[in-house]
Each structure stands twice: as C-alpha cells, then as structure tokens.
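For reference, run_22.pdb (PDB, N, CA and C atoms):
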ATOM      1  N   ALA A   1      12.903  73.295  61.144
ATOM      2  CA  ALA A   1      12.825  73.654  62.552
ATOM      3  C   ALA A   1      13.504  72.549  63.348
ATOM      4  N   LEU A   2      14.158  72.937  64.433
ATOM      5  CA  LEU A   2      14.818  71.913  65.215
ATOM      6  C   LEU A   2      14.832  72.305  66.672
ATOM      7  N   ALA A   3      14.753  71.289  67.520
ATOM      8  CA  ALA A   3      14.848  71.501  68.952
ATOM      9  C   ALA A   3      15.337  70.215  69.585
ATOM     10  N   ALA A   4      16.524  70.238  70.118
ATOM     11  CA  ALA A   4      17.055  69.062  70.815
ATOM     12  C   ALA A   4      16.913  69.306  72.316
ATOM     13  N   CYS A   5      16.752  68.229  73.041
ATOM     14  CA  CYS A   5      16.552  68.339  74.482
ATOM     15  C   CYS A   5      17.891  68.324  75.208
ATOM     16  N   GLY A   6      18.260  69.423  75.854
ATOM     17  CA  GLY A   6      19.417  69.502  76.737
ATOM     18  C   GLY A   6      20.773  69.453  76.066
ATOM     19  N   GLY A   7      21.787  70.025  76.690
ATOM     20  CA  GLY A   7      23.178  69.950  76.259
ATOM     21  C   GLY A   7      23.482  70.707  74.987
ATOM     22  N   ALA A   8      24.755  70.652  74.588
ATOM     23  CA  ALA A   8      25.189  71.303  73.354
ATOM     24  C   ALA A   8      24.677  70.510  72.160
ATOM     25  N   ALA A   9      24.351  71.210  71.098
ATOM     26  CA  ALA A   9      23.827  70.562  69.900
ATOM     27  C   ALA A   9      24.893  69.688  69.256
ATOM     28  N   PRO A  10      24.559  68.447  68.912
ATOM     29  CA  PRO A  10      25.509  67.573  68.217
ATOM     30  C   PRO A  10      25.852  68.132  66.835
ATOM     31  N   ALA A  11      26.936  67.644  66.252
ATOM     32  CA  ALA A  11      27.378  68.114  64.944
ATOM     33  C   ALA A  11      26.767  67.288  63.815
ATOM     34  N   GLY A  12      25.714  66.578  64.104
ATOM     35  CA  GLY A  12      25.065  65.756  63.099
ATOM     36  C   GLY A  12      23.665  65.402  63.535
ATOM     37  N   GLY A  13      23.015  64.566  62.734
ATOM     38  CA  GLY A  13      21.663  64.158  63.071
ATOM     39  C   GLY A  13      20.904  63.673  61.859
ATOM     40  N   ILE A  14      19.609  64.006  61.823
ATOM     41  CA  ILE A  14      18.692  63.527  60.798
ATOM     42  C   ILE A  14      18.131  64.718  60.038
ATOM     43  N   GLU A  15      18.162  64.640  58.715
ATOM     44  CA  GLU A  15      17.562  65.690  57.896
ATOM     45  C   GLU A  15      16.813  65.034  56.746
ATOM     46  N   GLY A  16      15.899  65.767  56.164
ATOM     47  CA  GLY A  16      15.176  65.217  55.032
ATOM     48  C   GLY A  16      13.909  65.968  54.737
ATOM     49  N   ARG A  17      12.956  65.237  54.138
ATOM     50  CA  ARG A  17      11.672  65.799  53.745
ATOM     51  C   ARG A  17      10.552  64.855  54.118
ATOM     52  N   VAL A  18       9.367  65.451  54.371
ATOM     53  CA  VAL A  18       8.160  64.669  54.608
ATOM     54  C   VAL A  18       7.199  64.962  53.457
ATOM     55  N   LEU A  19       6.744  63.896  52.804
ATOM     56  CA  LEU A  19       5.781  64.013  51.719
ATOM     57  C   LEU A  19       4.510  63.288  52.124
ATOM     58  N   ALA A  20       3.343  63.829  51.733
ATOM     59  CA  ALA A  20       2.060  63.228  52.080
ATOM     60  C   ALA A  20       1.322  62.798  50.821
ATOM     61  N   GLY A  21       0.686  61.654  50.908
ATOM     62  CA  GLY A  21      -0.114  61.148  49.806
ATOM     63  C   GLY A  21      -0.982  60.016  50.319
ATOM     64  N   PRO A  22      -1.912  59.522  49.593
ATOM     65  CA  PRO A  22      -2.293  60.025  48.291
ATOM     66  C   PRO A  22      -2.958  61.394  48.387
ATOM     67  N   THR A  23      -2.942  62.125  47.260
ATOM     68  CA  THR A  23      -3.542  63.459  47.234
ATOM     69  C   THR A  23      -4.817  63.496  46.400
ATOM     70  N   CYS A  24      -5.127  62.388  45.727
ATOM     71  CA  CYS A  24      -6.362  62.266  44.948
ATOM     72  C   CYS A  24      -7.075  60.982  45.378
ATOM     73  N   PRO A  25      -8.410  60.953  45.319
ATOM     74  CA  PRO A  25      -9.130  59.776  45.790
ATOM     75  C   PRO A  25      -8.977  58.539  44.906
ATOM     76  N   VAL A  26      -8.580  58.708  43.651
ATOM     77  CA  VAL A  26      -8.426  57.563  42.757
ATOM     78  C   VAL A  26      -7.062  57.658  42.086
ATOM     79  N   GLU A  27      -6.249  56.614  42.254
ATOM     80  CA  GLU A  27      -4.955  56.589  41.578
ATOM     81  C   GLU A  27      -5.154  56.082  40.159
ATOM     82  N   ARG A  28      -4.480  56.719  39.223
ATOM     83  CA  ARG A  28      -4.634  56.368  37.818
ATOM     84  C   ARG A  28      -3.353  55.741  37.266
ATOM     85  N   ILE A  29      -3.529  54.926  36.211
ATOM     86  CA  ILE A  29      -2.399  54.356  35.486
ATOM     87  C   ILE A  29      -2.493  54.903  34.072
ATOM     88  N   PRO A  30      -1.540  55.643  33.549
ATOM     89  CA  PRO A  30      -0.340  56.092  34.252
ATOM     90  C   PRO A  30      -0.689  57.131  35.316
ATOM     91  N   PRO A  31       0.215  57.323  36.289
ATOM     92  CA  PRO A  31      -0.051  58.269  37.380
ATOM     93  C   PRO A  31      -0.308  59.693  36.885
ATOM     94  N   ASP A  32      -1.256  60.366  37.507
ATOM     95  CA  ASP A  32      -1.573  61.763  37.208
ATOM     96  C   ASP A  32      -0.585  62.632  37.981
ATOM     97  N   PRO A  33       0.247  63.439  37.294
ATOM     98  CA  PRO A  33       1.223  64.288  38.002
ATOM     99  C   PRO A  33       0.565  65.225  39.020
ATOM    100  N   GLY A  34      -0.691  65.586  38.804
ATOM    101  CA  GLY A  34      -1.402  66.448  39.745
ATOM    102  C   GLY A  34      -1.752  65.754  41.045
ATOM    103  N   CYS A  35      -1.585  64.429  41.064
ATOM    104  CA  CYS A  35      -1.903  63.645  42.268
ATOM    105  C   CYS A  35      -0.650  63.164  42.992
ATOM    106  N   ALA A  36       0.513  63.715  42.641
ATOM    107  CA  ALA A  36       1.772  63.310  43.277
ATOM    108  C   ALA A  36       1.774  63.678  44.756
ATOM    109  N   GLU A  37       2.600  62.957  45.534
ATOM    110  CA  GLU A  37       2.760  63.311  46.945
ATOM    111  C   GLU A  37       3.202  64.774  47.036
ATOM    112  N   ARG A  38       2.798  65.424  48.139
ATOM    113  CA  ARG A  38       3.144  66.829  48.329
ATOM    114  C   ARG A  38       3.843  67.022  49.669
ATOM    115  N   PRO A  39       4.751  68.026  49.731
ATOM    116  CA  PRO A  39       5.394  68.332  51.016
ATOM    117  C   PRO A  39       4.332  68.692  52.056
ATOM    118  N   VAL A  40       4.621  68.366  53.310
ATOM    119  CA  VAL A  40       3.655  68.617  54.372
ATOM    120  C   VAL A  40       4.370  69.095  55.640
ATOM    121  N   THR A  41       3.688  69.968  56.376
ATOM    122  CA  THR A  41       4.147  70.403  57.693
ATOM    123  C   THR A  41       3.588  69.418  58.708
ATOM    124  N   ILE A  42       4.484  68.824  59.490
ATOM    125  CA  ILE A  42       4.045  67.825  60.467
ATOM    126  C   ILE A  42       5.004  67.831  61.662
ATOM    127  N   ALA A  43       4.457  67.608  62.849
ATOM    128  CA  ALA A  43       5.281  67.496  64.055
ATOM    129  C   ALA A  43       6.011  66.156  64.026
ATOM    130  N   LEU A  44       7.273  66.173  64.433
ATOM    131  CA  LEU A  44       8.109  64.971  64.440
ATOM    132  C   LEU A  44       8.712  64.762  65.816
ATOM    133  N   GLU A  45       8.918  63.505  66.181
ATOM    134  CA  GLU A  45       9.625  63.143  67.409
ATOM    135  C   GLU A  45      10.715  62.142  67.060
ATOM    136  N   VAL A  46      11.855  62.269  67.721
ATOM    137  CA  VAL A  46      12.938  61.291  67.601
ATOM    138  C   VAL A  46      12.990  60.544  68.922
ATOM    139  N   VAL A  47      12.874  59.209  68.827
ATOM    140  CA  VAL A  47      12.789  58.359  70.013
ATOM    141  C   VAL A  47      14.029  57.457  70.072
ATOM    142  N   SER A  48      14.659  57.395  71.244
ATOM    143  CA  SER A  48      15.849  56.550  71.433
ATOM    144  C   SER A  48      15.449  55.081  71.483
ATOM    145  N   GLU A  49      16.445  54.194  71.407
ATOM    146  CA  GLU A  49      16.175  52.748  71.512
ATOM    147  C   GLU A  49      15.510  52.406  72.836
ATOM    148  N   GLY A  50      15.783  53.206  73.864
ATOM    149  CA  GLY A  50      15.182  52.973  75.175
ATOM    150  C   GLY A  50      13.754  53.486  75.292
ATOM    151  N   GLY A  51      13.249  54.160  74.250
ATOM    152  CA  GLY A  51      11.872  54.633  74.255
ATOM    153  C   GLY A  51      11.676  56.073  74.690
ATOM    154  N   SER A  52      12.773  56.791  74.975
ATOM    155  CA  SER A  52      12.661  58.194  75.394
ATOM    156  C   SER A  52      12.645  59.119  74.185
ATOM    157  N   VAL A  53      11.786  60.134  74.222
ATOM    158  CA  VAL A  53      11.784  61.156  73.173
ATOM    159  C   VAL A  53      12.994  62.051  73.419
ATOM    160  N   VAL A  54      13.913  62.112  72.445
ATOM    161  CA  VAL A  54      15.146  62.882  72.615
ATOM    162  C   VAL A  54      15.137  64.200  71.852
ATOM    163  N   ALA A  55      14.214  64.364  70.902
ATOM    164  CA  ALA A  55      14.135  65.617  70.148
ATOM    165  C   ALA A  55      12.758  65.756  69.514
ATOM    166  N   HIS A  56      12.345  67.011  69.349
ATOM    167  CA  HIS A  56      11.092  67.363  68.671
ATOM    168  C   HIS A  56      11.444  68.314  67.537
ATOM    169  N   ALA A  57      10.673  68.271  66.478
ATOM    170  CA  ALA A  57      10.847  69.219  65.379
ATOM    171  C   ALA A  57       9.542  69.286  64.607
ATOM    172  N   GLU A  58       9.486  70.207  63.675
ATOM    173  CA  GLU A  58       8.354  70.293  62.759
ATOM    174  C   GLU A  58       8.910  70.545  61.376
ATOM    175  N   SER A  59       8.408  69.799  60.406
ATOM    176  CA  SER A  59       8.849  70.047  59.034
ATOM    177  C   SER A  59       8.264  71.376  58.567
ATOM    178  N   GLY A  60       8.977  72.019  57.649
ATOM    179  CA  GLY A  60       8.506  73.288  57.111
ATOM    180  C   GLY A  60       7.434  73.080  56.055
ATOM    181  N   SER A  61       6.926  74.157  55.500
ATOM    182  CA  SER A  61       5.901  74.054  54.463
ATOM    183  C   SER A  61       6.427  73.342  53.222
ATOM    184  N   ASP A  62       7.752  73.295  53.065
ATOM    185  CA  ASP A  62       8.372  72.561  51.956
ATOM    186  C   ASP A  62       8.656  71.109  52.331
ATOM    187  N   GLY A  63       8.213  70.689  53.536
ATOM    188  CA  GLY A  63       8.418  69.331  54.010
ATOM    189  C   GLY A  63       9.780  69.084  54.624
ATOM    190  N   ALA A  64      10.681  70.070  54.536
ATOM    191  CA  ALA A  64      12.063  69.883  55.007
ATOM    192  C   ALA A  64      12.152  69.936  56.533
ATOM    193  N   PHE A  65      13.081  69.135  57.062
ATOM    194  CA  PHE A  65      13.374  69.169  58.497
ATOM    195  C   PHE A  65      14.851  68.855  58.706
ATOM    196  N   ARG A  66      15.350  69.247  59.865
ATOM    197  CA  ARG A  66      16.741  68.984  60.277
ATOM    198  C   ARG A  66      16.726  68.900  61.790
ATOM    199  N   ILE A  67      17.144  67.743  62.316
ATOM    200  CA  ILE A  67      17.084  67.505  63.761
ATOM    201  C   ILE A  67      18.460  67.054  64.236
ATOM    202  N   ALA A  68      19.094  67.843  65.085
ATOM    203  CA  ALA A  68      20.412  67.506  65.625
ATOM    204  C   ALA A  68      20.254  66.500  66.760
ATOM    205  N   VAL A  69      20.897  65.335  66.593
ATOM    206  CA  VAL A  69      20.940  64.307  67.643
ATOM    207  C   VAL A  69      22.308  63.632  67.600
ATOM    208  N   ALA A  70      22.678  63.031  68.705
ATOM    209  CA  ALA A  70      23.952  62.313  68.799
ATOM    210  C   ALA A  70      23.905  61.060  67.921
ATOM    211  N   PRO A  71      25.077  60.541  67.539
ATOM    212  CA  PRO A  71      25.104  59.292  66.772
ATOM    213  C   PRO A  71      24.375  58.182  67.527
ATOM    214  N   GLY A  72      23.711  57.305  66.778
ATOM    215  CA  GLY A  72      23.011  56.187  67.402
ATOM    216  C   GLY A  72      21.815  55.756  66.590
ATOM    217  N   ARG A  73      21.057  54.812  67.169
ATOM    218  CA  ARG A  73      19.870  54.277  66.508
ATOM    219  C   ARG A  73      18.629  54.879  67.140
ATOM    220  N   TYR A  74      17.720  55.336  66.281
ATOM    221  CA  TYR A  74      16.504  56.015  66.718
ATOM    222  C   TYR A  74      15.319  55.557  65.879
ATOM    223  N   THR A  75      14.141  55.983  66.322
ATOM    224  CA  THR A  75      12.930  55.881  65.518
ATOM    225  C   THR A  75      12.388  57.293  65.394
ATOM    226  N   ILE A  76      12.052  57.691  64.168
ATOM    227  CA  ILE A  76      11.428  58.998  63.974
ATOM    228  C   ILE A  76       9.951  58.733  63.698
ATOM    229  N   ARG A  77       9.087  59.494  64.382
ATOM    230  CA  ARG A  77       7.645  59.267  64.255
ATOM    231  C   ARG A  77       6.919  60.604  64.271
ATOM    232  N   GLY A  78       5.643  60.544  63.904
ATOM    233  CA  GLY A  78       4.814  61.743  63.965
ATOM    234  C   GLY A  78       4.565  62.106  65.412
ATOM    235  N   GLY A  79       4.598  63.395  65.696
ATOM    236  CA  GLY A  79       4.352  63.867  67.050
ATOM    237  C   GLY A  79       2.861  63.909  67.362
ATOM    238  N   ALA A  80       2.559  64.249  68.580
ATOM    239  CA  ALA A  80       1.169  64.345  69.009
ATOM    240  C   ALA A  80       0.468  65.455  68.235
ATOM    241  N   GLY A  81      -0.818  65.346  68.139
ATOM    242  CA  GLY A  81      -1.589  66.363  67.424
ATOM    243  C   GLY A  81      -2.609  65.711  66.530
ATOM    244  N   ARG A  82      -2.794  66.307  65.382
ATOM    245  CA  ARG A  82      -3.825  65.811  64.465
ATOM    246  C   ARG A  82      -3.500  64.383  64.000
ATOM    247  N   PRO A  83      -4.547  63.558  63.786
ATOM    248  CA  PRO A  83      -4.314  62.171  63.393
ATOM    249  C   PRO A  83      -3.836  61.999  61.945
ATOM    250  N   LEU A  84      -4.185  62.920  61.065
ATOM    251  CA  LEU A  84      -3.765  62.823  59.664
ATOM    252  C   LEU A  84      -3.063  64.103  59.244
ATOM    253  N   PRO A  85      -2.046  64.052  58.447
ATOM    254  CA  PRO A  85      -1.509  62.838  57.859
ATOM    255  C   PRO A  85      -0.772  61.988  58.895
ATOM    256  N   ALA A  86      -0.874  60.670  58.732
ATOM    257  CA  ALA A  86      -0.253  59.729  59.668
ATOM    258  C   ALA A  86       1.125  59.331  59.166
ATOM    259  N   LEU A  87       2.083  59.388  60.049
ATOM    260  CA  LEU A  87       3.462  59.049  59.705
ATOM    261  C   LEU A  87       3.828  57.735  60.381
ATOM    262  N   ARG A  88       4.185  56.733  59.594
ATOM    263  CA  ARG A  88       4.593  55.437  60.139
ATOM    264  C   ARG A  88       5.954  55.596  60.822
ATOM    265  N   PRO A  89       6.136  55.051  62.033
ATOM    266  CA  PRO A  89       7.449  55.119  62.684
ATOM    267  C   PRO A  89       8.532  54.529  61.779
ATOM    268  N   THR A  90       9.653  55.243  61.660
ATOM    269  CA  THR A  90      10.730  54.860  60.750
ATOM    270  C   THR A  90      12.042  54.754  61.510
ATOM    271  N   PRO A  91      12.697  53.579  61.480
ATOM    272  CA  PRO A  91      14.001  53.452  62.139
ATOM    273  C   PRO A  91      15.071  54.196  61.338
ATOM    274  N   VAL A  92      16.027  54.776  62.054
ATOM    275  CA  VAL A  92      17.117  55.505  61.412
ATOM    276  C   VAL A  92      18.366  55.379  62.270
ATOM    277  N   THR A  93      19.519  55.248  61.609
ATOM    278  CA  THR A  93      20.795  55.196  62.315
ATOM    279  C   THR A  93      21.599  56.432  61.949
ATOM    280  N   VAL A  94      21.908  57.241  62.961
ATOM    281  CA  VAL A  94      22.700  58.456  62.761
ATOM    282  C   VAL A  94      24.176  58.067  62.814
ATOM    283  N   PRO A  95      24.959  58.447  61.784
ATOM    284  CA  PRO A  95      26.376  58.065  61.741
ATOM    285  C   PRO A  95      27.200  58.784  62.805
ATOM    286  N   ALA A  96      28.411  58.293  63.011
ATOM    287  CA  ALA A  96      29.316  58.865  64.013
ATOM    288  C   ALA A  96      29.614  60.333  63.727
ATOM    289  N   THR A  97      29.657  60.701  62.460
ATOM    290  CA  THR A  97      29.842  62.108  62.095
ATOM    291  C   THR A  97      28.887  62.437  60.964
ATOM    292  N   GLY A  98      28.388  63.638  60.970
ATOM    293  CA  GLY A  98      27.554  64.107  59.870
ATOM    294  C   GLY A  98      26.075  63.805  60.026
ATOM    295  N   TRP A  99      25.385  63.939  58.910
ATOM    296  CA  TRP A  99      23.930  63.852  58.867
ATOM    297  C   TRP A  99      23.494  62.698  57.991
ATOM    298  N   ILE A 100      22.375  62.072  58.348
ATOM    299  CA  ILE A 100      21.745  61.088  57.482
ATOM    300  C   ILE A 100      20.521  61.775  56.871
ATOM    301  N   THR A 101      20.328  61.573  55.575
ATOM    302  CA  THR A 101      19.202  62.185  54.863
ATOM    303  C   THR A 101      18.171  61.108  54.560
ATOM    304  N   ILE A 102      16.914  61.381  54.958
ATOM    305  CA  ILE A 102      15.832  60.421  54.726
ATOM    306  C   ILE A 102      14.626  61.134  54.132
ATOM    307  N   GLU A 103      13.755  60.351  53.517
ATOM    308  CA  GLU A 103      12.484  60.864  53.027
ATOM    309  C   GLU A 103      11.400  60.093  53.748
ATOM    310  N   LEU A 104      10.502  60.812  54.386
ATOM    311  CA  LEU A 104       9.401  60.199  55.119
ATOM    312  C   LEU A 104       8.118  60.368  54.331
ATOM    313  N   HIS A 105       7.239  59.370  54.397
ATOM    314  CA  HIS A 105       5.981  59.409  53.662
ATOM    315  C   HIS A 105       4.815  59.300  54.637
ATOM    316  N   ALA A 106       3.976  60.327  54.636
ATOM    317  CA  ALA A 106       2.818  60.364  55.511
ATOM    318  C   ALA A 106       1.572  60.004  54.725
ATOM    319  N   ASP A 107       0.646  59.294  55.374
ATOM    320  CA  ASP A 107      -0.605  58.874  54.748
ATOM    321  C   ASP A 107      -1.685  59.913  55.031
ATOM    322  N   THR A 108      -2.283  60.451  53.960
ATOM    323  CA  THR A 108      -3.320  61.475  54.104
ATOM    324  C   THR A 108      -4.666  60.892  54.511
ATOM    325  N   GLY A 109      -4.840  59.583  54.302
ATOM    326  CA  GLY A 109      -6.120  58.965  54.612
ATOM    327  C   GLY A 109      -7.115  59.022  53.451
ATOM    328  N   ILE A 110      -6.742  59.680  52.360
ATOM    329  CA  ILE A 110      -7.624  59.768  51.189
ATOM    330  C   ILE A 110      -7.697  58.401  50.524
ATOM    331  N   ARG A 111      -8.889  57.934  50.265
ATOM    332  CA  ARG A 111      -9.073  56.639  49.593
ATOM    333  C   ARG A 111     -10.119  56.751  48.518
TER     334      ARG A 111
END
Since I need it in another form, could you write the structure as structure tokens?
Amino acid sequence: ALAACGGAAPAGGIEGRVLAGPTCPVERIPPDPGCAERPVTIALEVVSEGGSVVAHAESGSDGAFRIAVAPGRYTIRGGAGRPLPALRPTPVTVPATGWITIELHADTGIR
C-alpha cells in the first residue's frame, strides 16, 4: 500500500518487508524454525530530515510495502496506532533514481 502527500508520484522510493519477532516466549539454541520472525501488517510513516511526515503506508499481510518518495534522506518509523509490534525508527537514503530495498524488524514484546 502506498500514499504520498501531494504532487506527482516520484519514480522511486522505499520498498521492502516488515518482519515481527520474537514469536515464541523462549528462544532456543539451535533456533526453532517455528519461532522465526513473521511478516506483519503495520502502519508506516516516512519522515524528512526536517521532521515532517512526507508519506504514510501500511505493509501488507506478507509484510511487503512500497512507498514513493523523492530522493533524499529519511527516517521510516511505525505509524500511530497500536503500541505493538514496535518498530524502531530506521534511517534510509533514497537514491537519485530507483528504489532502495530494506527489511524492517518490529518487536512483538514477547519475552
């Protein structure tokens, strides 16, 4: 899902996936494949260096997202709403042309 604020959509931006974990209360060695991070639907905001929110999006049920923004330096963070899963603000630099692909990791709060 994507929604940019105002003007024509840029020809590039930020795309990727959001994964949430931990998914089990106890991590095991070796790791239990059933406790791997899982894709999550979460509201996202892209914030400019000046602190303005320039785009909103929501990852799909597969964790995928694509947000069209102009080239530059941004921070992508979890949008308003439920407190968990919590997404740590992540700096990202969008290239002059094309898309940057990132993987975001949200904390489920399970301990």
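Residues captured in this structure file are Ala11, Gly12, Gly13, Ile14, Glu15, Ala70, Pro71, Gly72, Arg73, Tyr74, Thr75, Ile76, Arg77, Gly78, Pro83, Leu84, Pro85, Ile100, Thr101, His105, Ala106, Asp107, Thr108 and Gly109 of chain A, according to the PyMOL selection byres ((chain A and resi 86-99) around 6.5).
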How about saving the chosen residues, N, CA and C atoms kept, as a PDB file, in the frame of the given file?
ATOM      1  N   ALA A  11      26.936  67.644  66.252  1.00  0.00           N
ATOM      2  CA  ALA A  11      27.378  68.114  64.944  1.00  0.00           C
ATOM      3  C   ALA A  11      26.767  67.288  63.815  1.00  0.00           C
ATOM      4  N   GLY A  12      25.714  66.578  64.104  1.00  0.00           N
ATOM      5  CA  GLY A  12      25.065  65.756  63.099  1.00  0.00           C
ATOM      6  C   GLY A  12      23.665  65.402  63.535  1.00  0.00           C
ATOM      7  N   GLY A  13      23.015  64.566  62.734  1.00  0.00           N
ATOM      8  CA  GLY A  13      21.663  64.158  63.071  1.00  0.00           C
ATOM      9  C   GLY A  13      20.904  63.673  61.859  1.00  0.00           C
ATOM     10  N   ILE A  14      19.609  64.006  61.823  1.00  0.00           N
ATOM     11  CA  ILE A  14      18.692  63.527  60.798  1.00  0.00           C
ATOM     12  C   ILE A  14      18.131  64.718  60.038  1.00  0.00           C
ATOM     13  N   GLU A  15      18.162  64.640  58.715  1.00  0.00           N
ATOM     14  CA  GLU A  15      17.562  65.690  57.896  1.00  0.00           C
ATOM     15  C   GLU A  15      16.813  65.034  56.746  1.00  0.00           C
ATOM     16  N   ALA A  70      22.678  63.031  68.705  1.00  0.00           N
ATOM     17  CA  ALA A  70      23.952  62.313  68.799  1.00  0.00           C
ATOM     18  C   ALA A  70      23.905  61.060  67.921  1.00  0.00           C
ATOM     19  N   PRO A  71      25.077  60.541  67.539  1.00  0.00           N
ATOM     20  CA  PRO A  71      25.104  59.292  66.772  1.00  0.00           C
ATOM     21  C   PRO A  71      24.375  58.182  67.527  1.00  0.00           C
ATOM     22  N   GLY A  72      23.711  57.305  66.778  1.00  0.00           N
ATOM     23  CA  GLY A  72      23.011  56.187  67.402  1.00  0.00           C
ATOM     24  C   GLY A  72      21.815  55.756  66.590  1.00  0.00           C
ATOM     25  N   ARG A  73      21.057  54.812  67.169  1.00  0.00           N
ATOM     26  CA  ARG A  73      19.870  54.277  66.508  1.00  0.00           C
ATOM     27  C   ARG A  73      18.629  54.879  67.140  1.00  0.00           C
ATOM     28  N   TYR A  74      17.720  55.336  66.281  1.00  0.00           N
ATOM     29  CA  TYR A  74      16.504  56.015  66.718  1.00  0.00           C
ATOM     30  C   TYR A  74      15.319  55.557  65.879  1.00  0.00           C
ATOM     31  N   THR A  75      14.141  55.983  66.322  1.00  0.00           N
ATOM     32  CA  THR A  75      12.930  55.881  65.518  1.00  0.00           C
ATOM     33  C   THR A  75      12.388  57.293  65.394  1.00  0.00           C
ATOM     34  N   ILE A  76      12.052  57.691  64.168  1.00  0.00           N
ATOM     35  CA  ILE A  76      11.428  58.998  63.974  1.00  0.00           C
ATOM     36  C   ILE A  76       9.951  58.733  63.698  1.00  0.00           C
ATOM     37  N   ARG A  77       9.087  59.494  64.382  1.00  0.00           N
ATOM     38  CA  ARG A  77       7.645  59.267  64.255  1.00  0.00           C
ATOM     39  C   ARG A  77       6.919  60.604  64.271  1.00  0.00           C
ATOM     40  N   GLY A  78       5.643  60.544  63.904  1.00  0.00           N
ATOM     41  CA  GLY A  78       4.814  61.743  63.965  1.00  0.00           C
ATOM     42  C   GLY A  78       4.565  62.106  65.412  1.00  0.00           C
ATOM     43  N   PRO A  83      -4.547  63.558  63.786  1.00  0.00           N
ATOM     44  CA  PRO A  83      -4.314  62.171  63.393  1.00  0.00           C
ATOM     45  C   PRO A  83      -3.836  61.999  61.945  1.00  0.00           C
ATOM     46  N   LEU A  84      -4.185  62.920  61.065  1.00  0.00           N
ATOM     47  CA  LEU A  84      -3.765  62.823  59.664  1.00  0.00           C
ATOM     48  C   LEU A  84      -3.063  64.103  59.244  1.00  0.00           C
ATOM     49  N   PRO A  85      -2.046  64.052  58.447  1.00  0.00           N
ATOM     50  CA  PRO A  85      -1.509  62.838  57.859  1.00  0.00           C
ATOM     51  C   PRO A  85      -0.772  61.988  58.895  1.00  0.00           C
ATOM     52  N   ILE A 100      22.375  62.072  58.348  1.00  0.00           N
ATOM     53  CA  ILE A 100      21.745  61.088  57.482  1.00  0.00           C
ATOM     54  C   ILE A 100      20.521  61.775  56.871  1.00  0.00           C
ATOM     55  N   THR A 101      20.328  61.573  55.575  1.00  0.00           N
ATOM     56  CA  THR A 101      19.202  62.185  54.863  1.00  0.00           C
ATOM     57  C   THR A 101      18.171  61.108  54.560  1.00  0.00           C
ATOM     58  N   HIS A 105       7.239  59.370  54.397  1.00  0.00           N
ATOM     59  CA  HIS A 105       5.981  59.409  53.662  1.00  0.00           C
ATOM     60  C   HIS A 105       4.815  59.300  54.637  1.00  0.00           C
ATOM     61  N   ALA A 106       3.976  60.327  54.636  1.00  0.00           N
ATOM     62  CA  ALA A 106       2.818  60.364  55.511  1.00  0.00           C
ATOM     63  C   ALA A 106       1.572  60.004  54.725  1.00  0.00           C
ATOM     64  N   ASP A 107       0.646  59.294  55.374  1.00  0.00           N
ATOM     65  CA  ASP A 107      -0.605  58.874  54.748  1.00  0.00           C
ATOM     66  C   ASP A 107      -1.685  59.913  55.031  1.00  0.00           C
ATOM     67  N   THR A 108      -2.283  60.451  53.960  1.00  0.00           N
ATOM     68  CA  THR A 108      -3.320  61.475  54.104  1.00  0.00           C
ATOM     69  C   THR A 108      -4.666  60.892  54.511  1.00  0.00           C
ATOM     70  N   GLY A 109      -4.840  59.583  54.302  1.00  0.00           N
ATOM     71  CA  GLY A 109      -6.120  58.965  54.612  1.00  0.00           C
ATOM     72  C   GLY A 109      -7.115  59.022  53.451  1.00  0.00           C
TER      73      GLY A 109
END
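Run against this file, the PyMOL selection byres ((chain A and resi 24) around 6.5) gives back Pro22, Thr23, Pro25, Val26, Glu27, Cys35, Ile110 and Arg111 of chain A.
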Kindly provide, as a PDB file with N, CA and C atoms, in the coordinates of the input, the polymer residues lying within 6 Å of (11.0, 67.8, 68.9), counting only C-alpha atoms and using the coordinates exactly as they appear in the file.
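The new file selection18.pdb reads:
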ATOM      1  N   ALA A   3      14.753  71.289  67.520  1.00  0.00           N
ATOM      2  CA  ALA A   3      14.848  71.501  68.952  1.00  0.00           C
ATOM      3  C   ALA A   3      15.337  70.215  69.585  1.00  0.00           C
ATOM      4  N   GLU A  45       8.918  63.505  66.181  1.00  0.00           N
ATOM      5  CA  GLU A  45       9.625  63.143  67.409  1.00  0.00           C
ATOM      6  C   GLU A  45      10.715  62.142  67.060  1.00  0.00           C
ATOM      7  N   ALA A  55      14.214  64.364  70.902  1.00  0.00           N
ATOM      8  CA  ALA A  55      14.135  65.617  70.148  1.00  0.00           C
ATOM      9  C   ALA A  55      12.758  65.756  69.514  1.00  0.00           C
ATOM     10  N   HIS A  56      12.345  67.011  69.349  1.00  0.00           N
ATOM     11  CA  HIS A  56      11.092  67.363  68.671  1.00  0.00           C
ATOM     12  C   HIS A  56      11.444  68.314  67.537  1.00  0.00           C
ATOM     13  N   ALA A  57      10.673  68.271  66.478  1.00  0.00           N
ATOM     14  CA  ALA A  57      10.847  69.219  65.379  1.00  0.00           C
ATOM     15  C   ALA A  57       9.542  69.286  64.607  1.00  0.00           C
TER      16      ALA A  57
END
Anything within 7 Å of (13.7, 68.2, 57.7): list those residues as number ranges by chain, counting only N, CA and C atoms and sticking to the file's coordinates.
A: 1, 14-18, 58-60, 63-67
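Closest approach to Val47 of chain A from the set A:Ile29, A:Leu104, A:Ser61, A:Gly79 is made by A:Gly79, with distances taken over only C-alpha atoms.
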Atomic distance atom CA of Gly50 of chain A - atom CA of Ala80 of chain A, expressed in Å with one decimal
19.1 Å
In Å, how far is it from atom N of Ala36 of chain A to atom C of Gly81 of chain A?
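So the answer is 24.2 Å.
Computed from the coordinates, the atom CA of Ile42 of chain A to atom CA of Asp62 of chain A distance equals 10.7 Å.
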Filtered DSSP result for chain A, state strand (DSSP E or B), as a PyMOL selection string:
chain A and resi 3-4+13-21+38-39+43-48+53-58+64-68+72-78+86-87+90-94+99-107
Expansion of the PyMOL selection byres ((chain A and resi 38) around 5) into residues, as a list in words:
Leu19, Ala20, Ala36, Glu37, Pro39 and Val40 of chain A
Requested write-out: N, CA and C atoms of the selected residues, as a CSV table (one decimal), in the coordinates of the input:
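Result went into selection27.csv, see below:
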chain,number,residue,atom,x,y,z
A,19,LEU,N,6.7,63.9,52.8
A,19,LEU,CA,5.8,64.0,51.7
A,19,LEU,C,4.5,63.3,52.1
A,20,ALA,N,3.3,63.8,51.7
A,20,ALA,CA,2.1,63.2,52.1
A,20,ALA,C,1.3,62.8,50.8
A,36,ALA,N,0.5,63.7,42.6
A,36,ALA,CA,1.8,63.3,43.3
A,36,ALA,C,1.8,63.7,44.8
A,37,GLU,N,2.6,63.0,45.5
A,37,GLU,CA,2.8,63.3,46.9
A,37,GLU,C,3.2,64.8,47.0
A,39,PRO,N,4.8,68.0,49.7
A,39,PRO,CA,5.4,68.3,51.0
A,39,PRO,C,4.3,68.7,52.1
A,40,VAL,N,4.6,68.4,53.3
A,40,VAL,CA,3.7,68.6,54.4
A,40,VAL,C,4.4,69.1,55.6
